[in-house]
>>> print(open('my_file22.cif').read())   # mmCIF, C-alpha atoms and all ligand atoms
data_model
loop_
_atom_site.group_PDB
_atom_site.id
_atom_site.type_symbol
_atom_site.label_atom_id
_atom_site.label_comp_id
_atom_site.auth_asym_id
_atom_site.auth_seq_id
_atom_site.Cartn_x
_atom_site.Cartn_y
_atom_site.Cartn_z
ATOM 1 C CA MET H 1337 18.531 44.851 5.739
ATOM 2 C CA LYS H 1338 16.398 47.944 5.175
ATOM 3 C CA ILE H 1339 13.716 47.989 2.479
ATOM 4 C CA THR H 1340 11.970 51.130 1.313
ATOM 5 C CA VAL H 1341 8.837 50.549 -0.768
ATOM 6 C CA ILE H 1342 7.321 53.259 -2.933
ATOM 7 C CA ASN H 1343 3.810 52.215 -3.872
ATOM 8 C CA GLY H 1344 2.628 54.024 -7.014
ATOM 9 C CA THR H 1345 -0.965 54.146 -5.777
ATOM 10 C CA GLU H 1346 -2.882 53.734 -2.545
ATOM 11 C CA LYS H 1347 -5.127 51.145 -4.215
ATOM 12 C CA HIS H 1348 -5.013 47.585 -2.876
ATOM 13 C CA GLY H 1349 -5.170 46.042 -6.350
ATOM 14 C CA VAL H 1350 -3.022 43.714 -8.446
ATOM 15 C CA THR H 1351 0.244 45.616 -7.945
ATOM 16 C CA TYR H 1352 -0.385 45.761 -4.208
ATOM 17 C CA ARG H 1353 -0.914 41.979 -3.996
ATOM 18 C CA LEU H 1354 2.184 41.249 -6.077
ATOM 19 C CA LYS H 1355 4.236 43.570 -3.898
ATOM 20 C CA GLU H 1356 2.855 41.955 -0.729
ATOM 21 C CA SER H 1357 3.812 38.477 -1.959
ATOM 22 C CA PHE H 1358 7.338 39.772 -2.717
ATOM 23 C CA LEU H 1359 7.654 41.422 0.714
ATOM 24 C CA ASP H 1360 6.429 38.293 2.534
ATOM 25 C CA CYS H 1361 9.879 36.781 1.883
ATOM 26 C CA PHE H 1362 11.557 39.624 3.821
ATOM 27 C CA ARG H 1363 9.208 40.150 6.768
ATOM 28 C CA ASP H 1364 11.405 38.186 9.219
ATOM 29 C CA SER H 1365 14.745 39.617 8.161
ATOM 30 C CA ALA H 1366 14.190 43.193 6.995
ATOM 31 C CA GLN H 1367 13.100 46.523 8.345
ATOM 32 C CA ILE H 1368 10.421 47.576 5.852
ATOM 33 C CA THR H 1369 9.276 51.176 5.353
ATOM 34 C CA GLU H 1370 6.466 51.807 2.909
ATOM 35 C CA PHE H 1371 5.358 54.969 1.160
ATOM 36 C CA TYR H 1372 2.122 55.334 -0.742
ATOM 37 C CA LEU H 1373 1.789 57.858 -3.530
ATOM 38 C CA PRO H 1374 0.314 60.406 -3.716
ATOM 39 C CA LYS H 1375 -0.416 60.465 0.064
ATOM 40 C CA ASP H 1376 3.244 60.339 1.195
ATOM 41 C CA CYS H 1377 4.713 62.586 -1.496
ATOM 42 C CA PRO H 1378 1.798 64.675 -2.638
ATOM 43 C CA ASN H 1379 3.748 67.073 -4.825
ATOM 44 C CA PHE H 1380 5.518 66.709 -8.128
ATOM 45 C CA CYS H 1381 8.984 68.242 -8.441
ATOM 46 C CA ALA H 1382 8.231 71.824 -9.374
ATOM 47 C CA GLY H 1383 11.571 72.258 -11.167
ATOM 48 C CA CYS H 1384 12.340 75.225 -8.888
ATOM 49 C CA THR H 1385 16.107 74.270 -8.910
ATOM 50 C CA VAL H 1386 16.454 75.273 -5.225
ATOM 51 C CA CYS H 1387 18.067 71.863 -4.578
ATOM 52 C CA PHE H 1388 21.127 72.522 -6.711
ATOM 53 C CA LEU H 1389 21.231 76.323 -6.851
ATOM 54 C CA ASN H 1390 20.564 76.975 -3.192
ATOM 55 C CA ASP H 1391 20.347 74.091 -0.691
ATOM 56 C CA GLU H 1392 18.914 70.593 -1.137
ATOM 57 C CA HIS H 1393 17.438 70.786 2.373
ATOM 58 C CA LYS H 1394 15.365 73.748 1.239
ATOM 59 C CA CYS H 1395 13.551 71.687 -1.406
ATOM 60 C CA LYS H 1396 9.878 71.985 -0.572
ATOM 61 C CA ASP H 1397 9.742 68.156 -0.558
ATOM 62 C CA ALA H 1398 13.101 67.491 1.164
ATOM 63 C CA GLU H 1399 11.432 65.418 3.881
ATOM 64 C CA TYR H 1400 10.485 62.793 1.273
ATOM 65 C CA ILE H 1401 13.928 62.193 -0.222
ATOM 66 C CA GLN H 1402 15.353 58.724 0.503
ATOM 67 C CA LYS H 1403 18.721 56.994 0.099
ATOM 68 C CA ILE H 1404 18.680 53.892 -2.119
ATOM 69 C CA GLU H 1405 21.470 51.323 -2.875
ATOM 70 C CA ARG H 1406 19.519 48.603 -4.668
ATOM 71 C CA ALA H 1407 16.156 48.733 -6.367
ATOM 72 C CA MET H 1408 13.417 46.345 -7.390
ATOM 73 C CA ILE H 1409 10.751 47.616 -9.787
ATOM 74 C CA ILE H 1410 7.451 45.706 -9.922
ATOM 75 C CA THR H 1411 5.056 46.626 -12.730
ATOM 76 C CA GLN H 1412 2.068 44.970 -14.302
ATOM 77 C CA CYS H 1413 -0.494 45.993 -16.888
ATOM 78 C CA LEU H 1414 -3.154 44.398 -19.005
ATOM 79 C CA GLY H 1415 -0.924 44.033 -22.031
ATOM 80 C CA ALA H 1416 1.213 46.976 -23.055
ATOM 81 C CA GLY H 1417 3.092 49.736 -21.271
ATOM 82 C CA GLY H 1418 4.596 47.967 -18.252
ATOM 83 C CA LYS H 1419 8.059 47.487 -19.710
ATOM 84 C CA SER H 1420 8.412 51.097 -20.863
ATOM 85 C CA THR H 1421 7.186 52.309 -17.461
ATOM 86 C CA ALA H 1422 9.836 50.186 -15.732
ATOM 87 C CA LYS H 1423 12.458 51.454 -18.191
ATOM 88 C CA ASP H 1424 11.659 55.050 -17.279
ATOM 89 C CA ILE H 1425 12.048 54.346 -13.558
ATOM 90 C CA ARG H 1426 15.210 52.300 -14.197
ATOM 91 C CA ASP H 1427 16.679 55.173 -16.183
ATOM 92 C CA SER H 1428 16.116 57.684 -13.358
ATOM 93 C CA LEU H 1429 17.465 55.289 -10.698
ATOM 94 C CA SER H 1430 20.525 54.622 -12.822
ATOM 95 C CA TRP H 1431 21.353 58.347 -13.067
ATOM 96 C CA TRP H 1432 20.945 58.581 -9.284
ATOM 97 C CA GLY H 1433 23.920 56.201 -9.128
ATOM 98 C CA ILE H 1434 22.125 52.917 -8.431
ATOM 99 C CA SER H 1435 23.635 49.922 -10.239
ATOM 100 C CA ASP H 1436 21.657 47.035 -8.833
ATOM 101 C CA ILE H 1437 18.225 47.589 -10.388
ATOM 102 C CA ARG H 1438 15.966 44.566 -10.885
ATOM 103 C CA VAL H 1439 12.680 44.510 -12.760
ATOM 104 C CA CYS H 1440 9.681 42.180 -12.569
ATOM 105 C CA SER H 1441 7.156 43.196 -15.217
ATOM 106 C CA PHE H 1442 3.968 41.211 -15.890
ATOM 107 C CA LYS H 1443 1.254 41.188 -18.529
ATOM 108 C CA LEU H 1444 -2.084 40.159 -17.041
ATOM 109 C CA MET H 1445 -3.691 39.290 -20.418
ATOM 110 C CA SER H 1446 -7.001 38.510 -18.722
ATOM 111 C CA ASP H 1447 -8.571 40.806 -16.143
ATOM 112 C CA ILE H 1448 -7.323 43.698 -14.047
ATOM 113 C CA ASN H 1449 -9.148 42.576 -10.898
ATOM 114 C CA TRP H 1450 -6.974 40.267 -8.764
ATOM 115 C CA ASN H 1451 -9.849 37.903 -7.898
ATOM 116 C CA ASN H 1452 -10.719 37.418 -11.574
ATOM 117 C CA ILE H 1453 -7.175 36.617 -12.691
ATOM 118 C CA PRO H 1454 -6.775 32.828 -13.227
ATOM 119 C CA GLU H 1455 -5.022 31.168 -10.291
ATOM 120 C CA LYS H 1456 -2.345 29.738 -12.582
ATOM 121 C CA LYS H 1457 -1.442 33.253 -13.708
ATOM 122 C CA ARG H 1458 -1.437 34.590 -10.157
ATOM 123 C CA LEU H 1459 0.850 31.778 -9.013
ATOM 124 C CA ALA H 1460 3.197 32.342 -11.955
ATOM 125 C CA MET H 1461 3.524 36.032 -11.019
ATOM 126 C CA THR H 1462 3.947 35.537 -7.281
ATOM 127 C CA GLY H 1463 6.319 32.608 -7.968
ATOM 128 C CA SER H 1464 8.587 34.753 -10.078
ATOM 129 C CA LEU H 1465 8.566 37.480 -7.408
ATOM 130 C CA LYS H 1466 9.461 34.938 -4.722
ATOM 131 C CA LYS H 1467 12.380 33.762 -6.875
ATOM 132 C CA ALA H 1468 13.595 37.357 -7.211
ATOM 133 C CA ALA H 1469 13.195 37.794 -3.445
ATOM 134 C CA GLN H 1470 15.324 34.710 -2.757
ATOM 135 C CA LYS H 1471 18.133 36.180 -4.863
ATOM 136 C CA LEU H 1472 17.934 39.432 -2.904
ATOM 137 C CA LEU H 1473 17.872 37.548 0.398
ATOM 138 C CA ALA H 1474 21.138 35.851 -0.590
ATOM 139 C CA VAL H 1475 22.940 39.201 -0.981
ATOM 140 C CA ASP H 1476 25.552 40.067 1.666
ATOM 141 C CA TYR H 1477 24.272 43.452 2.839
ATOM 142 C CA SER H 1478 27.288 44.130 5.030
ATOM 143 C CA ARG H 1479 29.159 44.897 1.805
ATOM 144 C CA PRO H 1480 28.327 47.920 -0.358
ATOM 145 C CA ALA H 1481 26.398 47.214 -3.569
ATOM 146 C CA HIS H 1482 28.540 46.545 -6.635
ATOM 147 C CA THR H 1483 28.765 49.610 -8.877
ATOM 148 C CA LYS H 1484 28.752 48.890 -12.601
ATOM 149 C CA LEU H 1485 31.201 50.514 -14.992
ATOM 150 C CA ALA H 1486 28.301 52.305 -16.734
ATOM 151 C CA THR H 1487 27.245 53.880 -13.407
ATOM 152 C CA LYS H 1488 30.831 54.957 -12.715
ATOM 153 C CA MET H 1489 31.037 56.495 -16.208
ATOM 154 C CA LYS H 1490 27.896 58.518 -15.439
ATOM 155 C CA PHE H 1491 29.514 59.669 -12.191
ATOM 156 C CA TYR H 1492 32.690 60.801 -14.023
ATOM 157 C CA ILE H 1493 30.683 62.661 -16.697
ATOM 158 C CA ILE H 1494 28.823 64.638 -14.020
ATOM 159 C CA ARG H 1495 32.024 65.100 -11.982
ATOM 160 C CA MET H 1496 33.728 66.667 -15.032
ATOM 161 C CA MET H 1497 30.728 68.962 -15.484
ATOM 162 C CA GLN H 1498 30.716 69.935 -11.791
ATOM 163 C CA THR H 1499 34.457 70.616 -11.820
ATOM 164 C CA GLY H 1500 33.923 73.029 -14.742
ATOM 165 C CA LEU H 1501 30.980 74.705 -13.043
ATOM 166 C CA GLY H 1502 32.994 75.015 -9.809
ATOM 167 C CA LYS H 1503 35.797 76.822 -11.675
ATOM 168 C CA GLN H 1504 33.286 79.363 -12.966
ATOM 169 C CA ASP H 1505 31.604 79.788 -9.592
ATOM 170 C CA PRO H 1506 33.045 78.088 -6.472
ATOM 171 C CA GLU H 1507 29.887 79.070 -4.583
ATOM 172 C CA TYR H 1508 27.619 77.119 -6.946
ATOM 173 C CA THR H 1509 25.481 74.919 -4.641
ATOM 174 C CA ASP H 1510 25.627 71.723 -6.662
ATOM 175 C CA TYR H 1511 29.424 72.024 -6.985
ATOM 176 C CA LYS H 1512 29.742 72.665 -3.244
ATOM 177 C CA TYR H 1513 27.679 69.523 -2.585
ATOM 178 C CA TRP H 1514 30.054 67.464 -4.764
ATOM 179 C CA LYS H 1515 33.066 69.115 -3.117
ATOM 180 C CA ALA H 1516 31.717 68.547 0.417
ATOM 181 C CA ASN H 1517 31.224 64.864 -0.392
ATOM 182 C CA GLY H 1518 34.830 64.683 -1.556
ATOM 183 C CA TRP H 1519 33.799 63.551 -5.062
ATOM 184 C CA ILE H 1520 35.680 66.372 -6.797
ATOM 185 C CA ASP H 1521 38.758 65.105 -4.961
ATOM 186 C CA LYS H 1522 39.627 61.445 -4.334
ATOM 187 C CA LYS H 1523 36.441 60.159 -2.665
ATOM 188 C CA ARG H 1524 34.017 57.973 -4.625
ATOM 189 C CA PRO H 1525 30.425 57.157 -3.554
ATOM 190 C CA TRP H 1526 30.973 53.417 -4.175
ATOM 191 C CA LYS H 1527 34.054 53.289 -1.877
ATOM 192 C CA LYS H 1528 33.062 53.245 1.776
HETATM 193 C C1 LIG Q 1601 -7.776 53.921 -16.449
HETATM 194 C C2 LIG Q 1601 -6.942 52.714 -16.713
HETATM 195 C C3 LIG Q 1601 -6.211 52.645 -17.872
HETATM 196 C C4 LIG Q 1601 -5.414 51.522 -18.165
HETATM 197 N N1 LIG Q 1601 -4.683 51.480 -19.307
HETATM 198 C C5 LIG Q 1601 -3.944 50.396 -19.609
HETATM 199 C C6 LIG Q 1601 -3.165 50.336 -20.805
HETATM 200 O O1 LIG Q 1601 -3.133 51.270 -21.606
HETATM 201 N N2 LIG Q 1601 -2.436 49.222 -21.048
HETATM 202 C C7 LIG Q 1601 -2.455 48.162 -20.192
HETATM 203 O O2 LIG Q 1601 -1.813 47.166 -20.487
HETATM 204 N N3 LIG Q 1601 -3.144 48.200 -19.028
HETATM 205 C C8 LIG Q 1601 -3.895 49.279 -18.713
HETATM 206 N N4 LIG Q 1601 -4.607 49.324 -17.538
HETATM 207 C C9 LIG Q 1601 -4.486 48.195 -16.565
HETATM 208 C C10 LIG Q 1601 -3.478 48.595 -15.475
HETATM 209 O O3 LIG Q 1601 -2.178 48.726 -16.028
HETATM 210 C C11 LIG Q 1601 -3.416 47.561 -14.342
HETATM 211 O O4 LIG Q 1601 -3.172 46.291 -14.878
HETATM 212 C C12 LIG Q 1601 -4.705 47.511 -13.556
HETATM 213 O O5 LIG Q 1601 -5.089 48.804 -13.160
HETATM 214 C C13 LIG Q 1601 -4.597 46.593 -12.327
HETATM 215 O O6 LIG Q 1601 -3.575 46.990 -11.444
HETATM 216 P P1 LIG Q 1601 -3.863 47.623 -9.984
HETATM 217 O O7 LIG Q 1601 -4.958 46.787 -9.393
HETATM 218 O O8 LIG Q 1601 -2.580 47.502 -9.280
HETATM 219 O O9 LIG Q 1601 -4.307 49.029 -10.220
HETATM 220 C C14 LIG Q 1601 -5.383 50.426 -17.239
HETATM 221 C C15 LIG Q 1601 -6.139 50.526 -16.048
HETATM 222 C C16 LIG Q 1601 -6.906 51.632 -15.780
HETATM 223 C C17 LIG Q 1601 -7.703 51.689 -14.482
#
>>> encode(input="my_file22.cif", output="structure tokens")
Amino acid sequence: MKITVINGTEKHGVTYRLKESFLDCFRDSAQITEFYLPKDCPNFCAGCTVCFLNDEHKCKDAEYIQKIERAMIITQCLGAGGKSTAKDIRDSLSWWGISDIRVCSFKLMSDINWNNIPEKKRLAMTGSLKKAAQKLLAVDYSRPAHTKLATKMKFYIIRMMQTGLGKQDPEYTDYKYWKANGWIDKKRPWKK
């Protein structure tokens, strides 16, 4: 199993410790690659549209783009904002075609410094992450991830749009990408 971790900050704080306790369950069985923002992807998308008008490899940040099949979002905050943050990330992942998105969101309700958080609270958080990890460890990774109907619907909406755009301009980069992948024809990303 391959795990790619995108750490939202380089700080070794609460989120870092929660993530570490989650990853501990996979250290023996997975190949783990970690990225730390902003160090490992220092630039925001500039909205230049090169990726779909010209060539995705010419994106100024192409070297940072990763392939994801399943996702686990870990967020925490003092009291409010964690759930909506996770929802935003979930929404983007879902439109990228990822069906299996899991969320662990915590409210600290005490202190934002790991050492000052009551042990009971820390154990409750790490315990729930370990439970989530066990479920992920039980997945058969030799089989492709299940794709939900909602994700397939999103694919067909975009496919219809790309087919229309391709009729107007067969040289349109995004259409050519869909065509090259066979998605305008009979191929589907969820069928290996
Ligand atoms: C500048 C700043 C603003 C924050 N604002 C909020 C907030 O509006 N709501 C909230 O629940 N937590 C807030 N927090 C707490 C963080 O969400 C988080 O719990 C805290 O930074 C500990 O996590 P970390 O050690 O992983 O950074 C804030 C923290 C900082 C440093």
>>> residues_near_ligand(input="my_file22.cif", ligand="ligand LIG 1601 (chain Q)", cutoff="9 Å", atoms="all atoms listed in the file", output="PyMOL selection string")
chain H and resi 1344-1345+1347-1354+1411-1418+1442-1445+1447-1450
>>> closest_residue(input="my_file22.cif", among="H:Arg1406, H:Ile1453, H:Pro1378, H:Lys1338", to="Phe1362 (chain H)", atoms="all atoms listed in the file")
H:Lys1338
>>> resolve_selection(input="my_file22.cif", expression="the PyMOL selection byres (((chain H and resi 1342) around 9) and not hetatm)", output="count of residues only")
10
>>> residues_near_point(input="my_file22.cif", point="(14.4, 35.8, -2.2)", cutoff="12 Å", atoms="all atoms listed in the file", output="list in words")
Ser1357, Phe1358, Leu1359, Asp1360, Cys1361, Phe1362, Arg1363, Ser1365, Ala1366, Met1408, Thr1462, Gly1463, Ser1464, Leu1465, Lys1466, Lys1467, Ala1468, Ala1469, Gln1470, Lys1471, Leu1472, Leu1473, Ala1474 and Val1475 of chain H
>>> atom_distance(input="my_file22.cif", atom1="CA of Glu1405 (chain H)", atom2="CA of Cys1384 (chain H)")
26.3 Å
>>> atom_distance(input="my_file22.cif", atom1="CA of Cys1387 (chain H)", atom2="CA of Pro1374 (chain H)")
21.1 Å
>>> residues_around(input="my_file22.cif", residues="region 1395-1400 of chain H", least_positions_apart="2", cutoff="8 Å", atoms="only C-alpha atoms", output="list in words")
Asp1376, Cys1377, Asn1379, Cys1381, Val1386, Cys1387, Asp1391, Glu1392, His1393 and Gln1402 of chain H
>>> closest_residue(input="my_file22.cif", among="H:Ile1409, H:Ser1441, H:Gly1518, H:Glu1356", to="Leu1429 (chain H)", atoms="all atoms listed in the file")
H:Ile1409
>>> build_atoms(input="my_file22.cif", residues="region 1339-1359 of chain H", atoms="N, CA and C atoms", output="compact mmCIF listing (two decimals), in the frame of the given file")
# COMPACT_ATOMS: atom_id res chain seq x y z
N ILE H 1339 14.43 47.93 3.76
CA ILE H 1339 13.72 47.99 2.48
C ILE H 1339 12.79 49.19 2.49
N THR H 1340 12.89 50.01 1.46
CA THR H 1340 11.97 51.13 1.31
C THR H 1340 11.08 50.83 0.11
N VAL H 1341 9.77 50.85 0.32
CA VAL H 1341 8.84 50.55 -0.77
C VAL H 1341 8.10 51.82 -1.16
N ILE H 1342 8.11 52.13 -2.45
CA ILE H 1342 7.32 53.26 -2.93
C ILE H 1342 6.17 52.69 -3.76
N ASN H 1343 5.00 52.71 -3.18
CA ASN H 1343 3.81 52.22 -3.87
C ASN H 1343 3.27 53.33 -4.76
N GLY H 1344 3.08 53.00 -6.05
CA GLY H 1344 2.63 54.02 -7.01
C GLY H 1344 1.22 54.51 -6.78
N THR H 1345 0.40 53.70 -6.09
CA THR H 1345 -0.96 54.15 -5.78
C THR H 1345 -1.32 53.66 -4.37
N GLU H 1346 -2.41 54.18 -3.87
CA GLU H 1346 -2.88 53.73 -2.54
C GLU H 1346 -3.86 52.57 -2.69
N LYS H 1347 -4.15 52.21 -3.94
CA LYS H 1347 -5.13 51.14 -4.22
C LYS H 1347 -4.58 49.77 -3.82
N HIS H 1348 -5.42 48.95 -3.21
CA HIS H 1348 -5.01 47.58 -2.88
C HIS H 1348 -5.45 46.66 -4.00
N GLY H 1349 -4.79 46.81 -5.16
CA GLY H 1349 -5.17 46.04 -6.35
C GLY H 1349 -4.15 44.97 -6.68
N VAL H 1350 -3.93 44.77 -7.99
CA VAL H 1350 -3.02 43.71 -8.45
C VAL H 1350 -1.58 44.01 -8.02
N THR H 1351 -1.14 45.25 -8.27
CA THR H 1351 0.24 45.62 -7.94
C THR H 1351 0.49 45.45 -6.45
N TYR H 1352 -0.49 45.87 -5.67
CA TYR H 1352 -0.38 45.76 -4.21
C TYR H 1352 -0.19 44.30 -3.79
N ARG H 1353 -1.00 43.40 -4.38
CA ARG H 1353 -0.91 41.98 -4.00
C ARG H 1353 0.41 41.37 -4.43
N LEU H 1354 0.89 41.76 -5.61
CA LEU H 1354 2.18 41.25 -6.08
C LEU H 1354 3.29 41.72 -5.14
N LYS H 1355 3.23 42.99 -4.80
CA LYS H 1355 4.24 43.57 -3.90
C LYS H 1355 4.20 42.89 -2.53
N GLU H 1356 2.99 42.63 -2.03
CA GLU H 1356 2.86 41.96 -0.73
C GLU H 1356 3.49 40.57 -0.77
N SER H 1357 3.26 39.83 -1.88
CA SER H 1357 3.81 38.48 -1.96
C SER H 1357 5.34 38.53 -2.03
N PHE H 1358 5.88 39.58 -2.66
CA PHE H 1358 7.34 39.77 -2.72
C PHE H 1358 7.88 40.08 -1.32
N LEU H 1359 7.18 41.00 -0.61
CA LEU H 1359 7.65 41.42 0.71
C LEU H 1359 7.55 40.31 1.76
